[in-house]
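> Once you've had a glance at the structure underneath, I'll fire off some questions.
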Amino acid sequence: MFKIISTREAIDMIKDGDCIAINSFLAWSNPESLHDAIYEKFVETGTPRDLRLFCAAGFGIWDENRYSERYVKLGAVKEVIAGHFGSMLVTTKMALAGEIEAYCLPLGVLSHTIRAAAAGKDWHASEVGLGIFCDPRVDTYALNDKSKKELVKLKEIEGKEYLLYDTPKIDIAFIKGTTVDPNGNISFEKEYLMVDALAVAQATKRNGGKVIVEVERVSHVFSRPRNVIVPGILVDAVVVCEKSTEKMEYNPTLSGDIHVPATHMDYYINKISEKAKKTGTDGKYRDTAADIIGDRAARELKPGDIVNIGVGIPENVGKHASNQGKLKDITITVEAGGIGGLAAPGLAFGATIGADMISDMATQFDFYDGGGLDICFLGGLEVDKHGNVNAHKMKGYFSGIGGFANITYATKTIVFCLSFSTKGLKVTKNGDDITIESEGSINKFKDEITAISFSGKRALERGQRVIYITERCVFQLTDSGLKLLEVYPGIDEKTQIRDLLDFEV
């Protein structure tokens with residue numbers, strides 16, 4: 001039977017060494033009052049300690065003084081398993097320094113392991129991850145030498161290779177909802193995402209653990225059954241936090257209370273991303289290279305396409321699709337669960353502006369793994385001569401794989417959107433002509449790359465079309481390596497492309 005209790009009483013349910021599953025996608029649906037209560041108790045008593053944090057996505061907001069970062073910094077956490085680390089500055093820094101155990105696996109796979117754990121299974125079998133960093137034959141999913149757990153095994157089943165991913169054994173679930181009704185049922189009216197709330201609660205109870213839910217309000221009216229995300233039978237404790245702690249104010253276009261037509265999308269994109277944009281001296285957003293890439297990439301869209309658009313440079317694809325009048329003819333999806341509308345940019349990533357539907361995350365990845373996407377647009381840090389892409393790791397830097405591996409696994413056309421070089425690249429455009437005013441000091445197309453997030457070989461075996469769009473040219477993946485498909489007006493093919501490559505195209 002659930003109880004409505006204080007945050008301190010809820011945190012007293014956590015024991016040293018417990019595994020806490022955080023049902024969040026970066027900042028969204030992340031129960032900040034529970035994180036704050038752990039921090040306050042740890043400062044006061046030194047407990048709970050040796051915590052193990054598990055999250056399919058990530059659980060930070062690029063702020064060292066928010067969410068779990070405060071008690072991670074103090075040494076309360078022993079281990080972290082997550083799909084995305086980039087938003088957790090302290091956690092990533094400590095992981096790279098070997099101060100905590102840390103493991104990174106594909107977001108969609110981790111989401112599916114939670115659902116498998118709810119069903120009492122010890123592992124989840126998937127082809128996602130074969131040929132990339134988490135394949136034991138290729139590299140490692142551990143962030144440091146201290147992290148020695150074997151979480152992935154290679155297995156052949158009926159003549160096919162699979163990776164077997166261990167399922168989590170969850171002691172405590174942290175879930176954020178909006179409303180608790182008289183039976184303890186939890187609804188998510190003002191949440192932008194469900195993430196995997198139901199599966200997290202089920203997996204926790206299956207392991208004999210406790211489910212703690214933070215809500216904004218208590219209702220004396222019973223919820224409509226279809227509005228319930230987590231039933232009261234799975235809830236042990238409810239903490240009421242009437243004042244929202246979200247970084248940004250509540251936005252009804254992200255929760256679905258306001259549906260946004262394609263004609264109004266530009267207005268809402270600009271409103272949401274106002275604070276996150278780079279600015280020039282006149283205060284206007286300017287990144288000419290990203291604009292060129294976004295405009296060219298958007299021209300790959302066809303009416304009826306079902307689409308995923310990633311963060312960073314790929315975010316420009318949505319803007320240019322709108323400029324080209326294509327938004328009304330395509331369906332954009334977001335790995336966190338949104339179908340329809342447009343992915344929210346910057347710090348709001350994971351939410352969807354004007355979605356038609358918001359599913360749980362595991363269901364969205366079922367759709368992706370099953371080949372439901374026609375085309376996706378993703379970024380990249382490096383590309384090698386075989387078409388392999390590194391999108392998650394560089395020396396001294398680790399963002400994590402996120403949904404990248406699942407999104408690229410079965411999508412029919414994969415478009416990588418990245419600049420040809422970085423660190424000092426300056427580009428101008430006059431009409432159709434592109435001018436490289438100054439070259440970046442680091443070329444992204446290399447003979448060898450730091451890590452493999454995407455396997456060109458596997459993509460060719462699956463018959464996927466793969467292109468790489470930069471601010472000066474377009475490459476396509478072929479059986480014999482990269483092919484130079486297009487050179488933009490104003491670009492010298494020899495001196496500004498071929499001479500700068502570590503390999504022949």
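Residues in the structure tokens are named by chain (A, B, ... in the order shown) and by number from 1 within that chain; ligands are numbered from 1 in the order shown.
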When DSSP works through the backbone of this structure, what residues of range 425-465 of chain A end up as strand (DSSP E), shown as a ChimeraX atom specification?

/A:426-430,433-438,442-443,445-446,465

> Please dump the current selection as a tab-separated table (two decimals), in the first residue's frame; keep all heavy atoms.


chain	number	residue	atom	x	y	z
A	426	LYS	N	35.82	28.49	-40.42
A	426	LYS	CA	34.93	29.62	-40.66
A	426	LYS	C	34.51	29.60	-42.12
A	426	LYS	O	35.35	29.53	-43.03
A	426	LYS	CB	35.63	30.94	-40.34
A	426	LYS	CG	34.70	32.15	-40.48
A	426	LYS	CD	35.42	33.46	-40.12
A	426	LYS	CE	34.49	34.65	-40.30
A	426	LYS	NZ	35.18	35.93	-40.01
A	427	VAL	N	33.22	29.64	-42.34
A	427	VAL	CA	32.65	29.49	-43.68
A	427	VAL	C	31.69	30.63	-43.96
A	427	VAL	O	30.96	31.08	-43.07
A	427	VAL	CB	31.88	28.15	-43.78
A	427	VAL	CG1	31.29	27.96	-45.18
A	427	VAL	CG2	32.80	26.98	-43.45
A	428	THR	N	31.69	31.12	-45.20
A	428	THR	CA	30.69	32.09	-45.63
A	428	THR	C	30.01	31.57	-46.89
A	428	THR	O	30.56	30.73	-47.62
A	428	THR	CB	31.33	33.47	-45.92
A	428	THR	OG1	32.34	33.33	-46.91
A	428	THR	CG2	31.92	34.07	-44.65
A	429	LYS	N	28.83	32.10	-47.13
A	429	LYS	CA	28.07	31.70	-48.31
A	429	LYS	C	27.53	32.94	-49.00
A	429	LYS	O	26.92	33.80	-48.36
A	429	LYS	CB	26.91	30.76	-47.92
A	429	LYS	CG	26.14	30.23	-49.11
A	429	LYS	CD	25.05	29.26	-48.66
A	429	LYS	CE	24.29	28.71	-49.88
A	429	LYS	NZ	23.18	27.83	-49.50
A	430	ASN	N	27.75	33.02	-50.31
A	430	ASN	CA	27.25	34.13	-51.12
A	430	ASN	C	26.50	33.53	-52.29
A	430	ASN	O	27.10	33.00	-53.23
A	430	ASN	CB	28.41	35.00	-51.60
A	430	ASN	CG	27.94	36.23	-52.34
A	430	ASN	OD1	26.74	36.54	-52.33
A	430	ASN	ND2	28.85	36.93	-52.99
A	433	ASP	N	27.57	29.99	-53.78
A	433	ASP	CA	29.01	29.78	-53.60
A	433	ASP	C	29.41	29.71	-52.13
A	433	ASP	O	29.01	30.56	-51.32
A	433	ASP	CB	29.80	30.91	-54.27
A	433	ASP	CG	29.83	30.77	-55.79
A	433	ASP	OD1	29.38	29.71	-56.28
A	433	ASP	OD2	30.31	31.70	-56.46
A	434	ILE	N	30.21	28.69	-51.82
A	434	ILE	CA	30.74	28.50	-50.47
A	434	ILE	C	32.20	28.93	-50.45
A	434	ILE	O	32.98	28.57	-51.33
A	434	ILE	CB	30.66	27.02	-50.04
A	434	ILE	CG1	29.25	26.45	-50.28
A	434	ILE	CG2	31.10	26.84	-48.60
A	434	ILE	CD1	28.17	27.11	-49.49
A	435	THR	N	32.57	29.70	-49.42
A	435	THR	CA	33.97	30.11	-49.25
A	435	THR	C	34.47	29.65	-47.89
A	435	THR	O	33.82	29.91	-46.86
A	435	THR	CB	34.12	31.64	-49.35
A	435	THR	OG1	33.64	32.07	-50.62
A	435	THR	CG2	35.58	32.04	-49.18
A	436	ILE	N	35.60	28.93	-47.87
A	436	ILE	CA	36.23	28.54	-46.61
A	436	ILE	C	37.17	29.68	-46.21
A	436	ILE	O	38.27	29.82	-46.75
A	436	ILE	CB	37.02	27.22	-46.75
A	436	ILE	CG1	36.15	26.12	-47.38
A	436	ILE	CG2	37.58	26.78	-45.41
A	436	ILE	CD1	34.95	25.72	-46.59
A	437	GLU	N	36.73	30.51	-45.30
A	437	GLU	CA	37.52	31.67	-44.87
A	437	GLU	C	38.75	31.22	-44.06
A	437	GLU	O	39.84	31.76	-44.22
A	437	GLU	CB	36.67	32.61	-44.04
A	437	GLU	CG	35.46	33.18	-44.77
A	437	GLU	CD	35.83	34.25	-45.77
A	437	GLU	OE1	37.02	34.63	-45.84
A	437	GLU	OE2	34.92	34.70	-46.51
A	438	SER	N	38.55	30.23	-43.19
A	438	SER	CA	39.67	29.66	-42.45
A	438	SER	C	39.37	28.19	-42.20
A	438	SER	O	38.23	27.83	-41.87
A	438	SER	CB	39.91	30.39	-41.13
A	438	SER	OG	38.80	30.28	-40.28
A	442	ILE	N	41.51	20.60	-37.10
A	442	ILE	CA	41.33	19.14	-36.97
A	442	ILE	C	40.39	18.66	-38.05
A	442	ILE	O	39.23	19.09	-38.12
A	442	ILE	CB	40.76	18.77	-35.58
A	442	ILE	CG1	41.72	19.24	-34.47
A	442	ILE	CG2	40.52	17.27	-35.48
A	442	ILE	CD1	41.17	19.05	-33.07
A	443	ASN	N	40.88	17.76	-38.91
A	443	ASN	CA	40.01	17.16	-39.91
A	443	ASN	C	39.24	16.00	-39.30
A	443	ASN	O	39.78	15.22	-38.51
A	443	ASN	CB	40.83	16.64	-41.10
A	443	ASN	CG	41.36	17.76	-41.97
A	443	ASN	OD1	40.79	18.87	-41.97
A	443	ASN	ND2	42.44	17.52	-42.69
A	445	PHE	N	37.68	13.58	-41.13
A	445	PHE	CA	37.77	12.38	-41.96
A	445	PHE	C	39.19	11.83	-41.88
A	445	PHE	O	40.13	12.45	-42.36
A	445	PHE	CB	37.36	12.70	-43.41
A	445	PHE	CG	35.89	13.02	-43.53
A	445	PHE	CD1	35.41	14.29	-43.23
A	445	PHE	CD2	34.99	12.04	-43.92
A	445	PHE	CE1	34.06	14.59	-43.32
A	445	PHE	CE2	33.63	12.32	-44.01
A	445	PHE	CZ	33.17	13.59	-43.71
A	446	LYS	N	39.34	10.66	-41.23
A	446	LYS	CA	40.66	10.14	-40.86
A	446	LYS	C	40.84	8.69	-41.28
A	446	LYS	O	39.86	7.96	-41.47
A	446	LYS	CB	40.84	10.25	-39.33
A	446	LYS	CG	40.65	11.66	-38.77
A	446	LYS	CD	40.75	11.66	-37.26
A	446	LYS	CE	40.61	13.07	-36.71
A	446	LYS	NZ	40.67	13.08	-35.23
A	465	ARG	N	21.40	2.78	-47.16
A	465	ARG	CA	22.04	3.88	-47.89
A	465	ARG	C	22.61	4.84	-46.86
A	465	ARG	O	21.89	5.29	-45.95
A	465	ARG	CB	21.02	4.60	-48.77
A	465	ARG	CG	21.57	5.83	-49.49
A	465	ARG	CD	20.54	6.42	-50.44
A	465	ARG	NE	21.04	7.65	-51.04
A	465	ARG	CZ	20.66	8.88	-50.66
A	465	ARG	NH1	19.76	9.02	-49.69
A	465	ARG	NH2	21.16	9.95	-51.24

> Measuring between only C-alpha atoms, which one of A:Asn308, A:Ser111, A:Thr288, A:Asn270 shows the shortest distance to Thr413 in chain A?

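Counting only C-alpha atoms, the residue closest to Thr413 in chain A is A:Asn308.
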
> Could you name the residues that touch range 448-457 of chain A at 7 Å or less, counting only C-alpha atoms, but leaving out those on the same chain fewer than 4 positions away, as a PyMOL selection string?

chain A and resi 131-133+382-384+386-394+401+405+461

> Could you write those residues out with N, CA, C and O atoms, as a compact mmCIF listing (two decimals), in the first residue's frame?


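Final output, part32.txt:
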# COMPACT_ATOMS: atom_id res chain seq x y z
N GLY A 131 29.54 -5.15 -33.98
CA GLY A 131 30.45 -4.41 -34.85
C GLY A 131 30.84 -3.04 -34.37
O GLY A 131 31.61 -2.35 -35.05
N ILE A 132 30.32 -2.61 -33.21
CA ILE A 132 30.69 -1.30 -32.67
C ILE A 132 31.33 -1.46 -31.29
O ILE A 132 31.59 -2.56 -30.85
N PHE A 133 31.55 -0.38 -30.59
CA PHE A 133 32.38 -0.37 -29.38
C PHE A 133 31.94 -1.36 -28.31
O PHE A 133 32.76 -1.88 -27.56
N GLU A 382 34.07 11.83 -35.90
CA GLU A 382 35.10 11.38 -36.84
C GLU A 382 34.49 10.35 -37.79
O GLU A 382 33.55 9.63 -37.43
N VAL A 383 35.08 10.26 -38.99
CA VAL A 383 34.70 9.24 -39.98
C VAL A 383 35.98 8.64 -40.55
O VAL A 383 36.93 9.37 -40.84
N ASP A 384 36.01 7.31 -40.72
CA ASP A 384 37.20 6.71 -41.32
C ASP A 384 36.94 6.26 -42.76
O ASP A 384 35.84 6.44 -43.28
N HIS A 386 36.47 3.47 -44.04
CA HIS A 386 35.48 2.42 -44.20
C HIS A 386 34.05 2.92 -43.97
O HIS A 386 33.11 2.14 -44.04
N GLY A 387 33.93 4.21 -43.67
CA GLY A 387 32.61 4.77 -43.39
C GLY A 387 32.16 4.61 -41.95
O GLY A 387 31.04 4.99 -41.59
N ASN A 388 33.03 4.06 -41.10
CA ASN A 388 32.71 3.97 -39.67
C ASN A 388 32.66 5.38 -39.08
O ASN A 388 33.41 6.26 -39.49
N VAL A 389 31.79 5.56 -38.11
CA VAL A 389 31.62 6.88 -37.49
C VAL A 389 31.83 6.77 -35.98
O VAL A 389 31.33 5.84 -35.33
N ASN A 390 32.58 7.70 -35.44
CA ASN A 390 32.71 7.86 -33.99
C ASN A 390 31.86 9.06 -33.59
O ASN A 390 32.09 10.17 -34.05
N ALA A 391 30.89 8.82 -32.72
CA ALA A 391 30.01 9.91 -32.28
C ALA A 391 29.97 10.08 -30.77
O ALA A 391 29.21 10.90 -30.27
N HIS A 392 30.80 9.30 -30.04
CA HIS A 392 30.61 9.33 -28.58
C HIS A 392 31.86 9.52 -27.74
O HIS A 392 31.75 9.72 -26.53
N LYS A 393 33.06 9.49 -28.35
CA LYS A 393 34.25 9.46 -27.50
C LYS A 393 35.46 10.06 -28.20
O LYS A 393 35.74 9.74 -29.35
N MET A 394 36.17 10.95 -27.48
CA MET A 394 37.46 11.46 -27.93
C MET A 394 38.37 11.51 -26.71
O MET A 394 37.92 11.32 -25.58
N ILE A 401 26.89 7.05 -26.08
CA ILE A 401 26.30 6.65 -27.36
C ILE A 401 24.85 7.11 -27.50
O ILE A 401 24.36 7.32 -28.61
N ALA A 405 23.11 4.11 -31.70
CA ALA A 405 23.28 2.76 -32.23
C ALA A 405 21.95 2.16 -32.67
O ALA A 405 21.86 1.48 -33.70
N GLU A 461 26.05 -4.53 -45.27
CA GLU A 461 25.46 -5.87 -45.21
C GLU A 461 23.94 -5.80 -45.09
O GLU A 461 23.24 -6.66 -45.63

> Arg8 in chain A: which residues within 8 Å, counting only C-alpha atoms, same-chain residues fewer than 4 positions away excluded, as a list of chain:residue names?

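Selected residues are A:Asp12, A:Ala37, A:Lys41.
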
> Keeping C-alpha atoms for every residue in the selection just given, could you write it to a file as a short mmCIF file (atom, residue, chain, number, x, y, z; two decimals), in the first residue's frame?


data_model
loop_
_atom_site.label_atom_id
_atom_site.label_comp_id
_atom_site.auth_asym_id
_atom_site.auth_seq_id
_atom_site.Cartn_x
_atom_site.Cartn_y
_atom_site.Cartn_z
CA ASP A 12 15.49 6.73 4.43
CA ALA A 37 17.17 14.81 -0.42
CA LYS A 41 21.13 13.32 3.99
#

> Taking only C-alpha atoms into account, name the residue in A:Ser68, A:Ser255, A:Thr331, A:Gln496 that is nearest to Arg472 in chain A.

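Comparing A:Ser68, A:Ser255, A:Thr331, A:Gln496 against Arg472 in chain A, the winner is A:Gln496.
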
> Pro106 in chain A: which residues within 8 Å, counting only C-alpha atoms, same-chain residues fewer than 4 positions away excluded, as a list in words?

Gly83, Leu110, Gly129, Ile401, Gly402, Gly403, Phe404, Ala405 and Asn406 of chain A

> Any idea what's packed within 9 Å of Glu32 in chain A, counting only C-alpha atoms, ignoring anything in its chain fewer than 4 positions away? Could you give it as a list in words?

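My list of contacting residues is Ala27, Asp36, Ala37, Arg66, Tyr67, Ser68, Lys176, Glu214, Thr245 and Glu246 of chain A.
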
> Can you pull out every residue within 7 Å of Leu154 in chain A, counting only C-alpha atoms, but drop anything in the same chain fewer than 2 positions away, and send it as number ranges by chain?

A: 152, 162-164

> Could you write out the selected residues, including C-alpha atoms, as a JSON list (two decimals), in the first residue's frame?


[["chain", "number", "residue", "atom", "x", "y", "z"],
["A", 152, "VAL", "CA", 27.69, -8.02, -22.53],
["A", 162, "TYR", "CA", 23.59, -11.68, -30.88],
["A", 163, "LEU", "CA", 24.82, -9.66, -27.95],
["A", 164, "LEU", "CA", 23.37, -10.73, -24.61]]

> Could the residues of range 203-311 of chain A that have an atom at most 12 Å from range 333-336 of chain A be listed as a tab-separated table, each with its closest atom pair and the distance in Å to one decimal, counting only C-alpha atoms and ordered by chain and ascending residue number?


residue	atom	partner	partner_atom	distance
A:Asp305	CA	A:Thr333	CA	10.6
A:Ile306	CA	A:Thr333	CA	7.2
A:Val307	CA	A:Thr333	CA	5.8
A:Asn308	CA	A:Thr333	CA	5.2
A:Ile309	CA	A:Val334	CA	7.3
A:Gly310	CA	A:Val334	CA	8.3
A:Val311	CA	A:Val334	CA	10.5

> Output the selection as a PDB file, in the first residue's frame - N, CA, C and O atoms for each residue.


ATOM      1  N   ASP A 305       8.016  10.435 -45.465  1.00  0.00           N
ATOM      2  CA  ASP A 305       9.122   9.893 -44.678  1.00  0.00           C
ATOM      3  C   ASP A 305       8.821   9.923 -43.179  1.00  0.00           C
ATOM      4  O   ASP A 305       8.250  10.892 -42.660  1.00  0.00           O
ATOM      5  N   ILE A 306       9.234   8.855 -42.492  1.00  0.00           N
ATOM      6  CA  ILE A 306       9.241   8.814 -41.033  1.00  0.00           C
ATOM      7  C   ILE A 306      10.687   9.013 -40.612  1.00  0.00           C
ATOM      8  O   ILE A 306      11.580   8.299 -41.071  1.00  0.00           O
ATOM      9  N   VAL A 307      10.937   9.988 -39.719  1.00  0.00           N
ATOM     10  CA  VAL A 307      12.265  10.585 -39.574  1.00  0.00           C
ATOM     11  C   VAL A 307      12.706  10.633 -38.116  1.00  0.00           C
ATOM     12  O   VAL A 307      11.885  10.771 -37.212  1.00  0.00           O
ATOM     13  N   ASN A 308      14.025  10.538 -37.890  1.00  0.00           N
ATOM     14  CA  ASN A 308      14.611  10.903 -36.604  1.00  0.00           C
ATOM     15  C   ASN A 308      15.699  11.935 -36.862  1.00  0.00           C
ATOM     16  O   ASN A 308      16.511  11.773 -37.784  1.00  0.00           O
ATOM     17  N   ILE A 309      15.707  12.997 -36.064  1.00  0.00           N
ATOM     18  CA  ILE A 309      16.705  14.058 -36.189  1.00  0.00           C
ATOM     19  C   ILE A 309      17.469  14.174 -34.876  1.00  0.00           C
ATOM     20  O   ILE A 309      16.875  14.367 -33.815  1.00  0.00           O
ATOM     21  N   GLY A 310      18.794  14.073 -34.942  1.00  0.00           N
ATOM     22  CA  GLY A 310      19.630  14.099 -33.750  1.00  0.00           C
ATOM     23  C   GLY A 310      19.943  15.506 -33.260  1.00  0.00           C
ATOM     24  O   GLY A 310      19.470  16.502 -33.813  1.00  0.00           O
ATOM     25  N   VAL A 311      20.806  15.580 -32.246  1.00  0.00           N
ATOM     26  CA  VAL A 311      21.163  16.859 -31.631  1.00  0.00           C
ATOM     27  C   VAL A 311      22.366  17.476 -32.338  1.00  0.00           C
ATOM     28  O   VAL A 311      23.053  16.842 -33.119  1.00  0.00           O
TER      29      VAL A 311
END

> Between A:Val215, A:Asn251, A:Ser322, A:Phe416, which is the closest to Asp266 in chain A once you count only C-alpha atoms?

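Once distances to Asp266 in chain A are computed over only C-alpha atoms, the minimum belongs to A:Ser322.
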
> For the interface of range 342-417 of chain A with range 189-194 of chain A (cut-off 12 Å, counting only C-alpha atoms), please tabulate each contacting residue of range 342-417 of chain A alongside its nearest pair of atoms and their separation in Å to one decimal, rows sorted by chain and increasing number, as a tab-separated table.


residue	atom	partner	partner_atom	distance
A:Ala343	CA	A:Tyr192	CA	11.7
A:Ala344	CA	A:Tyr192	CA	10.7
A:Ala348	CA	A:Tyr192	CA	9.9
A:Phe349	CA	A:Tyr192	CA	10.7
A:Gly350	CA	A:Leu193	CA	7.9
A:Ala351	CA	A:Tyr192	CA	5.8
A:Thr352	CA	A:Tyr192	CA	7.6
A:Ile353	CA	A:Tyr192	CA	9.5
A:Gly354	CA	A:Tyr192	CA	10.7
A:Ala355	CA	A:Tyr192	CA	9.9
A:Met357	CA	A:Leu193	CA	10.3
A:Ile358	CA	A:Leu193	CA	6.8
A:Ser359	CA	A:Met194	CA	7.1
A:Asp360	CA	A:Met194	CA	5.5
A:Met361	CA	A:Met194	CA	7.5
A:Ala362	CA	A:Met194	CA	10.4
A:Thr363	CA	A:Met194	CA	11.1
A:Gln364	CA	A:Met194	CA	11.5

> Would you save the residues of that selection, restricted to C-alpha atoms, as a JSON list (two decimals), in the first residue's frame?


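Dumped to part33.json:
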[["chain", "number", "residue", "atom", "x", "y", "z"],
["A", 343, "ALA", "CA", 12.15, 17.55, -31.71],
["A", 344, "ALA", "CA", 12.77, 20.32, -29.19],
["A", 348, "ALA", "CA", 14.98, 20.75, -24.16],
["A", 349, "PHE", "CA", 16.12, 17.78, -26.27],
["A", 350, "GLY", "CA", 14.07, 14.63, -25.70],
["A", 351, "ALA", "CA", 10.79, 16.53, -25.64],
["A", 352, "THR", "CA", 8.68, 17.04, -28.76],
["A", 353, "ILE", "CA", 6.96, 20.23, -29.88],
["A", 354, "GLY", "CA", 3.39, 19.41, -30.92],
["A", 355, "ALA", "CA", 3.60, 15.60, -30.85],
["A", 357, "MET", "CA", 1.68, 10.74, -29.63],
["A", 358, "ILE", "CA", 4.22, 10.19, -26.88],
["A", 359, "SER", "CA", 4.95, 6.51, -26.26],
["A", 360, "ASP", "CA", 7.18, 4.88, -23.68],
["A", 361, "MET", "CA", 10.80, 4.71, -24.79],
["A", 362, "ALA", "CA", 11.11, 0.93, -25.15],
["A", 363, "THR", "CA", 8.16, 0.90, -27.56],
["A", 364, "GLN", "CA", 9.76, 3.63, -29.65]]

> Which one is closest to Ala289 in chain A: A:Asp369, A:Glu471, A:Glu249, A:Glu161? Count only C-alpha atoms.

A:Glu471

> Rounded to one decimal place, report the CA of Ser421 in chain A-CA of Gly440 in chain A distance in Å.

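Interatomic distance, CA of Ser421 in chain A to CA of Gly440 in chain A: 4.9 Å.
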
> Could you go through range 78-160 of chain A and tell me which residues DSSP, when run on the backbone, assigns to helix (DSSP H, G or I), listing them as a list in words?

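Secondary structure check on range 78-160 of chain A, helix (DSSP H, G or I): Leu89, Val90, Thr91, Thr92, Lys93, Met94, Ala95, Leu96, Leu107, Gly108, Val109, Leu110, Ser111, His112, Thr113, Ile114, Arg115, Ala116, Ala117 and Ala118 of chain A.
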